[in-house]
Amino acid sequence: MKPLAARLGLRTRLIAAFLFVAAVSAGTTAALTYREARSAILQQAQDSAVAQFRDRINAQSVSLPVDGEQLRHICLELARAGGGRGWTVFAEYGKLRASSSDRSSSGVITAGLRAATRDDTHGSFQRVVKDGKPWLTVGMPALFNRGDGRQPTGLVLYAVMPLSNEEANVAAMVTAARDGALPALLVALVPALLAARSVLRPVRDLRRAAAGIGRGELDTRITVRGSDELAELAWTFNESSTKLQESVEELRRAEERARRFASDVSHELRTPLAGMLAVTEVLDEDAGELRPDTAAAVRLISTETGKLATLVEDLMEISRFDARAAELHLDEVDVAETVRKTLQARRWEDRVTTELPDDVRAVLDPRRFDVVVANLVGNALRHGAEPVTVRVRGGDRLVVEVEDSGPGIDAAVLPHIFDRFYKADAARTRSAGSGLGLAIAQENVRLHGGTVGAANRPGGGAVFTVELPMGER
């Protein structure tokens with residue numbers, strides 16, 4: 001199964017990445033804004049309440065000692081002075097307790113706040129959450145001035161103020177940020193699409209250009225837009241394509257020169273070789289009348305001249321394939337009879353066993369089919385070991401198999417067995433042929449629209465298999 005990144009297109013991944021960054025940025029900004037705004041709202045409420053409560057206490061006239069009734073009166077006065085803040089005031093004077101409510105004490109006021117208030121004449125405050133509700137508690141000692149500075153009177157007043165309104169404002173701000181996140185992402189989708197398009201356009205151009213190069217359209221180029229990294233990539237691709245085109249054109253010219261040279265040389269050699277072959281035939285007939293060393297030299301010249309003639313003919317044949325000048329002259333033939341004629345013409349019928357059904361007929365070029373069978377059988381006789389077997393099977397396709405009983409083909413050689421002039425088979429004896437026989441056989445099979453392959457038999461020996469279309473009869 002492909003990874004998720006491989007199944008998703010580049011456009012989708014770019015847009016997803018852009019939206020992810022936008023969402024993270026928006027979330028981070030909202031979190032920081034929420035934290036700062038919440039802190040500012042609560043700080044403002046806290047500072048205002050503390051300052052106002054301190055001012056109200058300082059404005060109160062307290063006569064010592066204080067009784068319970070006077071203590072409650074002070075609490076009620078301070079509570080009314082709070083106005084819209086809605087604070088509840090609690091007073092502690094020795095063992096006396098009073099408040100502006102029906103309860104004389106509050107569970108919101110902590111021991112820590114009491115200790116801090118006793119230690120600090122300027123008062124103290126604390127934010128407390130009780131039962132899920134936020135509260136602001138302020139503690140202020142009542143002071144009097146004896147001429148040497150303001151001194152504590154022993155009376156401590158506490159204001160307890162709910163922070164519900166402030167928390168509601170913070171919650172409203174969070175809701176607004178949350179409700180605004182989706183439209184913000186939708187708005188961010190537009191630049192994401194534009195960014196993806198600007199990135200993907202040169203990528204698509206590069207893909208189309210690469211496909212064109214793969215089809216052999218070496219003049220394919222990309223329009224360079226802008227001066228960024230993608231533009232540099234397009235410029236590099238164009239430069240590489242130009243160099244590749246130049247290299248391929250040079251190779252084609254070199255290949256054309258090589259084919260022309262081989263063809264010209266082959267044509268030029270045919271005429272003198274024809275004369276040399278005629279002379280060597282005469283010399284072969286008279287070799288028995290010559291001295292032994294002279295006769296051996298004559299037979300060597302005759303043999304090598306024959307090899308040279310074979311090489312020239314093979315070079316001319318392969319040149320026709322390279323020039324695409326080879327043509328098929330199709331005819332309906334009896335395949336078994338054609339194979340027998342091939343073996344008889346080369347006097348191989350005693351060295352080759354055959355399995356040739358008599359009812360197989362196919363439409364093919366008899367001369368080129370003869371070359372295919374002759375080259376494969378000749379290769380088996382030279383490089384393998386007898387007996388060599390030729391089998392023919394009919395059906396949807398014509399199948400011809402040539403087997404030998406030799407040591408087989410080395411695994412490193414198999415991929416190159418049909419290469420031209422390839423003779424590096426250490427498992428077989430050195431070839432006395434031109435090195436083009438199997439290549440010519442392969443070209444003739446391809447010309448028929450068929451295939452040819454080589455393999456090793458499990459029991460030893462090599463087998464060459466030719467498959468050809470039966471043709472229309």
# chains A, B, ... in the order shown; residues from 1 in each chain; ligands from 1
$ closest_atom_pairs --of "stretch 224-339 of chain A" --to "stretch 343-346 of chain A" --cutoff "12 Å" --atoms "only C-alpha atoms" --output "Markdown table"
| residue | atom | partner | partner_atom | distance |
| --- | --- | --- | --- | --- |
| A:Ala336 | CA | A:Leu343 | CA | 10.9 |
| A:Glu337 | CA | A:Leu343 | CA | 10.0 |
| A:Thr338 | CA | A:Leu343 | CA | 8.9 |
| A:Val339 | CA | A:Leu343 | CA | 6.4 |
$ select_by_dssp --residues "stretch 291-358 of chain A" --states "alpha helix (DSSP H)" --output "number ranges by chain"
A: 292-322, 335-345
$ write_last_selection --atoms "C-alpha atoms" --output "mmCIF file, in the first residue's frame"
data_model
loop_
_atom_site.group_PDB
_atom_site.id
_atom_site.type_symbol
_atom_site.label_atom_id
_atom_site.label_comp_id
_atom_site.auth_asym_id
_atom_site.auth_seq_id
_atom_site.Cartn_x
_atom_site.Cartn_y
_atom_site.Cartn_z
ATOM 1 C CA PRO A 292 52.529 -30.657 -47.979
ATOM 2 C CA ASP A 293 53.525 -27.268 -46.548
ATOM 3 C CA THR A 294 52.275 -25.463 -49.648
ATOM 4 C CA ALA A 295 49.018 -27.431 -49.563
ATOM 5 C CA ALA A 296 48.482 -26.509 -45.891
ATOM 6 C CA ALA A 297 49.018 -22.838 -46.675
ATOM 7 C CA VAL A 298 46.579 -23.040 -49.604
ATOM 8 C CA ARG A 299 43.906 -24.682 -47.444
ATOM 9 C CA LEU A 300 44.452 -22.045 -44.702
ATOM 10 C CA ILE A 301 44.013 -19.246 -47.251
ATOM 11 C CA SER A 302 40.884 -20.914 -48.586
ATOM 12 C CA THR A 303 39.413 -21.295 -45.071
ATOM 13 C CA GLU A 304 40.155 -17.731 -44.003
ATOM 14 C CA THR A 305 38.845 -16.362 -47.305
ATOM 15 C CA GLY A 306 35.601 -18.228 -46.698
ATOM 16 C CA LYS A 307 35.361 -16.736 -43.197
ATOM 17 C CA LEU A 308 36.017 -13.277 -44.613
ATOM 18 C CA ALA A 309 33.301 -13.778 -47.215
ATOM 19 C CA THR A 310 30.876 -14.835 -44.468
ATOM 20 C CA LEU A 311 31.783 -11.783 -42.386
ATOM 21 C CA VAL A 312 31.233 -9.462 -45.356
ATOM 22 C CA GLU A 313 27.834 -10.989 -46.109
ATOM 23 C CA ASP A 314 26.815 -10.710 -42.460
ATOM 24 C CA LEU A 315 27.967 -7.087 -42.311
ATOM 25 C CA MET A 316 25.938 -6.246 -45.388
ATOM 26 C CA GLU A 317 22.905 -8.000 -43.910
ATOM 27 C CA ILE A 318 23.131 -6.192 -40.583
ATOM 28 C CA SER A 319 23.672 -2.887 -42.449
ATOM 29 C CA ARG A 320 20.333 -3.420 -44.215
ATOM 30 C CA PHE A 321 18.602 -3.784 -40.858
ATOM 31 C CA ASP A 322 20.322 -0.661 -39.496
ATOM 32 C CA VAL A 335 7.353 -25.160 -41.719
ATOM 33 C CA ALA A 336 8.629 -28.746 -41.340
ATOM 34 C CA GLU A 337 9.660 -28.937 -44.979
ATOM 35 C CA THR A 338 11.378 -25.534 -44.772
ATOM 36 C CA VAL A 339 13.419 -26.647 -41.743
ATOM 37 C CA ARG A 340 14.428 -29.883 -43.504
ATOM 38 C CA LYS A 341 15.621 -27.930 -46.549
ATOM 39 C CA THR A 342 17.695 -25.670 -44.285
ATOM 40 C CA LEU A 343 19.429 -28.663 -42.690
ATOM 41 C CA GLN A 344 19.917 -30.466 -46.028
ATOM 42 C CA ALA A 345 21.382 -27.386 -47.739
#
$ atom_distance --atom1 "atom CA of A:Val352" --atom2 "atom CA of A:Val390"
7.2 Å
$ atom_distance --atom1 "atom CA of A:Gly216" --atom2 "atom CA of A:Asp419"
23.4 Å
$ atom_distance --atom1 "atom CA of A:Arg208" --atom2 "atom CA of A:Ser247"
21.5 Å
$ closest_residue --among "A:Asn165, A:Ser241, A:Ser100, A:Thr465" --to "A:Leu71" --atoms "only C-alpha atoms"
A:Ser100
$ select_by_dssp --residues "stretch 246-466 of chain A" --states "strand (DSSP E)" --output "ChimeraX atom specification"
/A:331-334,352-355,361-364,388-393,397-403,451-456,462-466
$ write_last_selection --atoms "C-alpha atoms" --output "PDB file, in the first residue's frame"
ATOM      1  CA  ASP A 331       4.606 -16.716 -48.471  1.00  0.00           C
ATOM      2  CA  GLU A 332       2.657 -19.576 -46.963  1.00  0.00           C
ATOM      3  CA  VAL A 333       5.051 -22.450 -46.331  1.00  0.00           C
ATOM      4  CA  ASP A 334       5.186 -25.862 -44.761  1.00  0.00           C
ATOM      5  CA  VAL A 352      20.637 -32.746 -35.983  1.00  0.00           C
ATOM      6  CA  THR A 353      17.583 -34.567 -34.702  1.00  0.00           C
ATOM      7  CA  THR A 354      14.177 -33.094 -35.449  1.00  0.00           C
ATOM      8  CA  GLU A 355      10.647 -33.127 -34.080  1.00  0.00           C
ATOM      9  CA  ARG A 361       1.872 -24.091 -41.993  1.00  0.00           C
ATOM     10  CA  ALA A 362       2.672 -20.391 -41.524  1.00  0.00           C
ATOM     11  CA  VAL A 363       2.954 -17.196 -43.555  1.00  0.00           C
ATOM     12  CA  LEU A 364       6.556 -15.971 -43.403  1.00  0.00           C
ATOM     13  CA  VAL A 388      21.295 -30.831 -31.444  1.00  0.00           C
ATOM     14  CA  THR A 389      17.493 -30.975 -31.603  1.00  0.00           C
ATOM     15  CA  VAL A 390      15.092 -28.779 -33.573  1.00  0.00           C
ATOM     16  CA  ARG A 391      11.426 -28.781 -32.503  1.00  0.00           C
ATOM     17  CA  VAL A 392       8.446 -27.076 -34.152  1.00  0.00           C
ATOM     18  CA  ARG A 393       5.045 -26.464 -32.561  1.00  0.00           C
ATOM     19  CA  ARG A 397       1.933 -18.797 -32.684  1.00  0.00           C
ATOM     20  CA  LEU A 398       4.701 -20.694 -34.407  1.00  0.00           C
ATOM     21  CA  VAL A 399       7.314 -21.928 -31.907  1.00  0.00           C
ATOM     22  CA  VAL A 400      10.734 -23.194 -32.980  1.00  0.00           C
ATOM     23  CA  GLU A 401      13.186 -24.547 -30.392  1.00  0.00           C
ATOM     24  CA  VAL A 402      16.867 -25.344 -30.973  1.00  0.00           C
ATOM     25  CA  GLU A 403      18.539 -27.317 -28.175  1.00  0.00           C
ATOM     26  CA  THR A 451      10.604 -12.836 -30.344  1.00  0.00           C
ATOM     27  CA  VAL A 452      13.675 -14.964 -29.712  1.00  0.00           C
ATOM     28  CA  GLY A 453      15.245 -15.861 -26.359  1.00  0.00           C
ATOM     29  CA  ALA A 454      17.976 -18.010 -24.888  1.00  0.00           C
ATOM     30  CA  ALA A 455      17.999 -20.075 -21.701  1.00  0.00           C
ATOM     31  CA  ASN A 456      19.634 -23.075 -20.072  1.00  0.00           C
ATOM     32  CA  ALA A 462      21.228 -24.329 -24.066  1.00  0.00           C
ATOM     33  CA  VAL A 463      17.860 -23.808 -25.718  1.00  0.00           C
ATOM     34  CA  PHE A 464      16.935 -21.000 -28.127  1.00  0.00           C
ATOM     35  CA  THR A 465      13.205 -20.354 -28.542  1.00  0.00           C
ATOM     36  CA  VAL A 466      11.688 -18.468 -31.483  1.00  0.00           C
TER      37      VAL A 466
END
$ residues_around --residues "A:Ile109" --least-positions-apart "6" --cutoff "8 Å" --atoms "only C-alpha atoms" --output "PDB file with N, CA and C atoms, in the first residue's frame"
ATOM      1  N   THR A 137     -10.666  38.986  46.165  1.00  0.00           N
ATOM      2  CA  THR A 137     -10.767  39.334  47.600  1.00  0.00           C
ATOM      3  C   THR A 137      -9.699  40.363  47.925  1.00  0.00           C
ATOM      4  N   TYR A 158     -12.573  43.447  54.622  1.00  0.00           N
ATOM      5  CA  TYR A 158     -12.379  42.630  53.418  1.00  0.00           C
ATOM      6  C   TYR A 158     -13.515  42.880  52.443  1.00  0.00           C
ATOM      7  N   VAL A 160     -15.191  41.258  49.014  1.00  0.00           N
ATOM      8  CA  VAL A 160     -15.260  40.059  48.159  1.00  0.00           C
ATOM      9  C   VAL A 160     -16.105  40.418  46.940  1.00  0.00           C
TER      10      VAL A 160
END
$ closest_residue --among "A:Pro141, A:Asp370, A:Gly460, A:Arg103" --to "A:Ala116" --atoms "only C-alpha atoms"
A:Pro141
$ residues_around --residues "stretch 42-55 of chain A" --least-positions-apart "5" --cutoff "8 Å" --atoms "only C-alpha atoms" --output "list in words"
Leu78, Gly82, Phe125, Leu136, Val138, Met140, Ala159 and Glu166 of chain A
